[in-house]
Amino acid sequence: MKIDLAILERQFALYQTEYEEAALRALRSGWYILGPELSAFEEEFARFVGRKYCVGLNSGLDALTLSVRALDIGAGDEVIVPANTYIATVLAITENGATPIFVEPDEYYNLDAEKIEAAITPRTKAIMVVHLYGQSANMTQIAAVAKKHGLPVIEDCAQSHGAAFEGKMTGAWGIAGCFSFYPTKNLGAFGDAGAVATDDEAFAKKLRMLRNYGSEVKYHNELCGVNSRLDELQAALLRVKLSHLNALTEERRRIAEAYLSGIKNSRFLLPRTRENATHVYHQFVIRTKNRDAFQAYLKEHGIETVIHYPIPPHLAKCYEPLGHKRGDFPITEQYADEVLSLPMFNGMRAEEITYVIETINGYEGRCV
């Protein structure tokens, strides 16, 4: 049996008629940029997250980058960020000329709230949190540290659509909840797309200007902005998927529960959910020693897997000027050497889930 990491067309097939109707509605409208579909999606998504405002953008990276810029963070400033994140989180900081200050993750793969305060300096201007793999960070404690030091919190929610901590959605804790709608995300578009959710009216207004060449009124450019607009077609399609997101999330949780209850091989560390948190399983990530040999074994049995992420940002070639070396962040580096994401997607069939479980349980390779 061959099982891909994700098969996006199955999710499309679940609501094909609705997607096609939405696409035709947008196409027939004759209004393709900053129109009624975007306005409606922004209102609906803000309500979903529990915020007052939503600003649709071209990508999740732009959501992060423009949020940093809207806070006037730049050269000479520092932003605290998890060491074990996708490089886009860090790119948003350095794109604005600021310096990323890496902090190790906790046992749930998220920013360790206990280690943030030691990283704060007079140059610190924000804390950037990443809700990795679909589970919220410890936002109560992080918010308390941020408040104590007067620092804004930017949330990278690219993998946590619908996840919550203590009943409050990710994206609703900081000044900015930054979302990616890349096609593989739990709330994925059919191309690049992103958004920022916020309760700050002035911040939202500034983001709307930044996404549209720094202009609120055409040809009156008050800021040095960019072109980063979520188009009408993607907004229309996202409205369909958003209306089904709760059901799609529950399906992912059922797949995760099957993995959690079915995988019995002691060579593997399965994901755990933090107390008071909910998990939406953007990825189902296990850990094991000698990971590469195990990944090769799964490939031989037709099971596709991915490493999220093999090279931590502090070891990336593009960040060599920061002066970090292997050993600076040992927990992050251990995770990078051991994590492996199993197939997880909407529309995954029972026999495919069973095959993955049985194949893993049958692994007897060396894991030390």
# chains A, B, ... in the order shown; residues from 1 in each chain; ligands from 1
>>> select_by_dssp(residues="segment 167-234 of chain A", states="helix (DSSP H, G or I)", output="list in words")
Glu201, Ala202, Phe203, Ala204, Lys205, Lys206, Leu207, Arg208, Met209, Leu210, Arg211, Glu232, Leu233 and Gln234 of chain A
>>> residues_around(residues="His282 of chain A", least_positions_apart="3", cutoff="9 Å", atoms="only C-alpha atoms", output="short mmCIF file (atom, residue, chain, number, x, y, z; two decimals) with N, CA and C atoms, in the first residue's frame")
data_model
loop_
_atom_site.label_atom_id
_atom_site.label_comp_id
_atom_site.auth_asym_id
_atom_site.auth_seq_id
_atom_site.Cartn_x
_atom_site.Cartn_y
_atom_site.Cartn_z
N LEU A 132 3.34 25.24 17.51
CA LEU A 132 3.86 24.27 16.55
C LEU A 132 3.07 22.97 16.51
N TYR A 133 2.90 22.44 15.32
CA TYR A 133 2.29 21.14 15.03
C TYR A 133 0.78 21.10 15.30
N GLY A 134 0.19 22.19 15.83
CA GLY A 134 -1.25 22.20 16.06
C GLY A 134 -1.66 22.33 17.51
N GLN A 135 -0.68 22.62 18.39
CA GLN A 135 -0.98 22.74 19.81
C GLN A 135 -0.50 24.09 20.35
N GLN A 159 0.06 26.78 12.10
CA GLN A 159 -0.26 25.36 12.24
C GLN A 159 -1.35 25.12 13.28
N SER A 160 -2.02 26.15 13.74
CA SER A 160 -2.91 25.97 14.91
C SER A 160 -4.31 26.51 14.73
N HIS A 161 -4.82 26.53 13.50
CA HIS A 161 -6.17 27.02 13.27
C HIS A 161 -7.18 26.25 14.13
N THR A 184 -1.71 23.14 2.46
CA THR A 184 -1.62 21.99 3.37
C THR A 184 -2.07 22.30 4.80
N LYS A 185 -2.35 23.57 5.10
CA LYS A 185 -2.75 23.93 6.46
C LYS A 185 -4.15 23.38 6.76
N ASN A 186 -4.47 23.31 8.04
CA ASN A 186 -5.80 22.83 8.43
C ASN A 186 -6.90 23.68 7.81
N ARG A 252 -9.43 15.06 12.06
CA ARG A 252 -7.99 14.94 12.34
C ARG A 252 -7.77 14.39 13.74
N HIS A 279 -5.60 20.24 20.82
CA HIS A 279 -4.67 19.96 19.73
C HIS A 279 -5.47 19.77 18.45
N MET A 344 -1.08 12.48 7.82
CA MET A 344 -2.20 13.06 8.57
C MET A 344 -2.93 14.01 7.63
N PHE A 345 -4.13 13.62 7.19
CA PHE A 345 -4.88 14.49 6.29
C PHE A 345 -6.36 14.12 6.31
#
>>> closest_residue(among="A:Ser67, A:Lys115, A:Leu315, A:Asn246", to="Asp328 of chain A", atoms="only C-alpha atoms")
A:Leu315
>>> closest_residue(among="A:Val129, A:Ile73, A:Ala235, A:Ile175", to="Ala202 of chain A", atoms="only C-alpha atoms")
A:Ile175
>>> closest_atom_pairs(of="segment 18-74 of chain A", to="segment 144-153 of chain A", cutoff="12 Å", atoms="only C-alpha atoms", output="JSON lines")
{"residue": "A:Leu64", "atom": "CA", "partner": "A:Val153", "partner_atom": "CA", "distance": 11.4}
{"residue": "A:Ser67", "atom": "CA", "partner": "A:Val153", "partner_atom": "CA", "distance": 10.2}
{"residue": "A:Val68", "atom": "CA", "partner": "A:Pro152", "partner_atom": "CA", "distance": 10.0}
{"residue": "A:Ala70", "atom": "CA", "partner": "A:Pro152", "partner_atom": "CA", "distance": 11.5}
{"residue": "A:Leu71", "atom": "CA", "partner": "A:Pro152", "partner_atom": "CA", "distance": 8.6}
{"residue": "A:Asp72", "atom": "CA", "partner": "A:Pro152", "partner_atom": "CA", "distance": 11.6}
{"residue": "A:Ile73", "atom": "CA", "partner": "A:Pro152", "partner_atom": "CA", "distance": 10.9}
>>> closest_residue(among="A:Ile116, A:Leu207, A:Val280, A:Leu233", to="Leu66 of chain A", atoms="only C-alpha atoms")
A:Leu207
>>> residues_around(residues="Thr124 of chain A", least_positions_apart="3", cutoff="7 Å", atoms="only C-alpha atoms", output="PyMOL selection string")
chain A and resi 77-79+120-121
>>> write_last_selection(atoms="C-alpha atoms", output="compact mmCIF listing (two decimals), in the first residue's frame")
# COMPACT_ATOMS: atom_id res chain seq x y z
CA ASP A 77 15.86 45.66 18.12
CA GLU A 78 15.51 42.07 19.31
CA VAL A 79 12.58 39.67 19.08
CA ILE A 120 14.91 39.56 27.63
CA THR A 121 17.27 42.53 27.29
>>> residues_around(residues="Glu9 of chain A", least_positions_apart="2", cutoff="12 Å", atoms="only C-alpha atoms", output="list of chain:residue names")
A:Asp4, A:Ala6, A:Ile7, A:Gln11, A:Phe12, A:Ala13, A:Leu14, A:Tyr15, A:Gln16, A:Tyr19, A:Pro183, A:Thr184, A:Gly188, A:Phe190, A:Phe345, A:Asn346, A:Gly347, A:Met348
>>> write_last_selection(atoms="C-alpha atoms", output="mmCIF file, in the first residue's frame")
data_model
loop_
_atom_site.group_PDB
_atom_site.id
_atom_site.type_symbol
_atom_site.label_atom_id
_atom_site.label_comp_id
_atom_site.auth_asym_id
_atom_site.auth_seq_id
_atom_site.Cartn_x
_atom_site.Cartn_y
_atom_site.Cartn_z
ATOM 1 C CA ASP A 4 1.224 9.952 0.938
ATOM 2 C CA ALA A 6 -1.224 14.360 2.527
ATOM 3 C CA ILE A 7 -3.712 13.960 -0.322
ATOM 4 C CA GLN A 11 -10.600 17.139 1.207
ATOM 5 C CA PHE A 12 -11.617 19.057 -1.909
ATOM 6 C CA ALA A 13 -13.906 16.197 -2.933
ATOM 7 C CA LEU A 14 -15.772 16.381 0.392
ATOM 8 C CA TYR A 15 -17.147 19.816 -0.462
ATOM 9 C CA GLN A 16 -16.490 20.000 -4.194
ATOM 10 C CA TYR A 19 -15.991 25.116 -3.663
ATOM 11 C CA PRO A 183 -2.933 24.607 0.912
ATOM 12 C CA THR A 184 -1.617 21.989 3.371
ATOM 13 C CA GLY A 188 -5.841 25.837 3.613
ATOM 14 C CA PHE A 190 -5.961 26.800 -3.051
ATOM 15 C CA PHE A 345 -4.879 14.488 6.289
ATOM 16 C CA ASN A 346 -8.608 14.858 5.928
ATOM 17 C CA GLY A 347 -10.085 11.980 3.974
ATOM 18 C CA MET A 348 -7.542 9.452 5.259
#
>>> select_by_dssp(residues="segment 102-330 of chain A", states="strand (DSSP E)", output="PyMOL selection string")
chain A and resi 102-103+124-130+153-156+164-165+168-169+176-180+194-198+215-217+220-221+284-287
>>> closest_residue(among="A:Gln234, A:Asn290, A:Ser266, A:Thr94", to="Leu34 of chain A", atoms="only C-alpha atoms")
A:Gln234
>>> residues_around(residues="Glu107 of chain A", least_positions_apart="3", cutoff="12 Å", atoms="only C-alpha atoms", output="ChimeraX atom specification")
/A:84,104,110-114,132,135,137-138,269-274,287,331-332,334-335
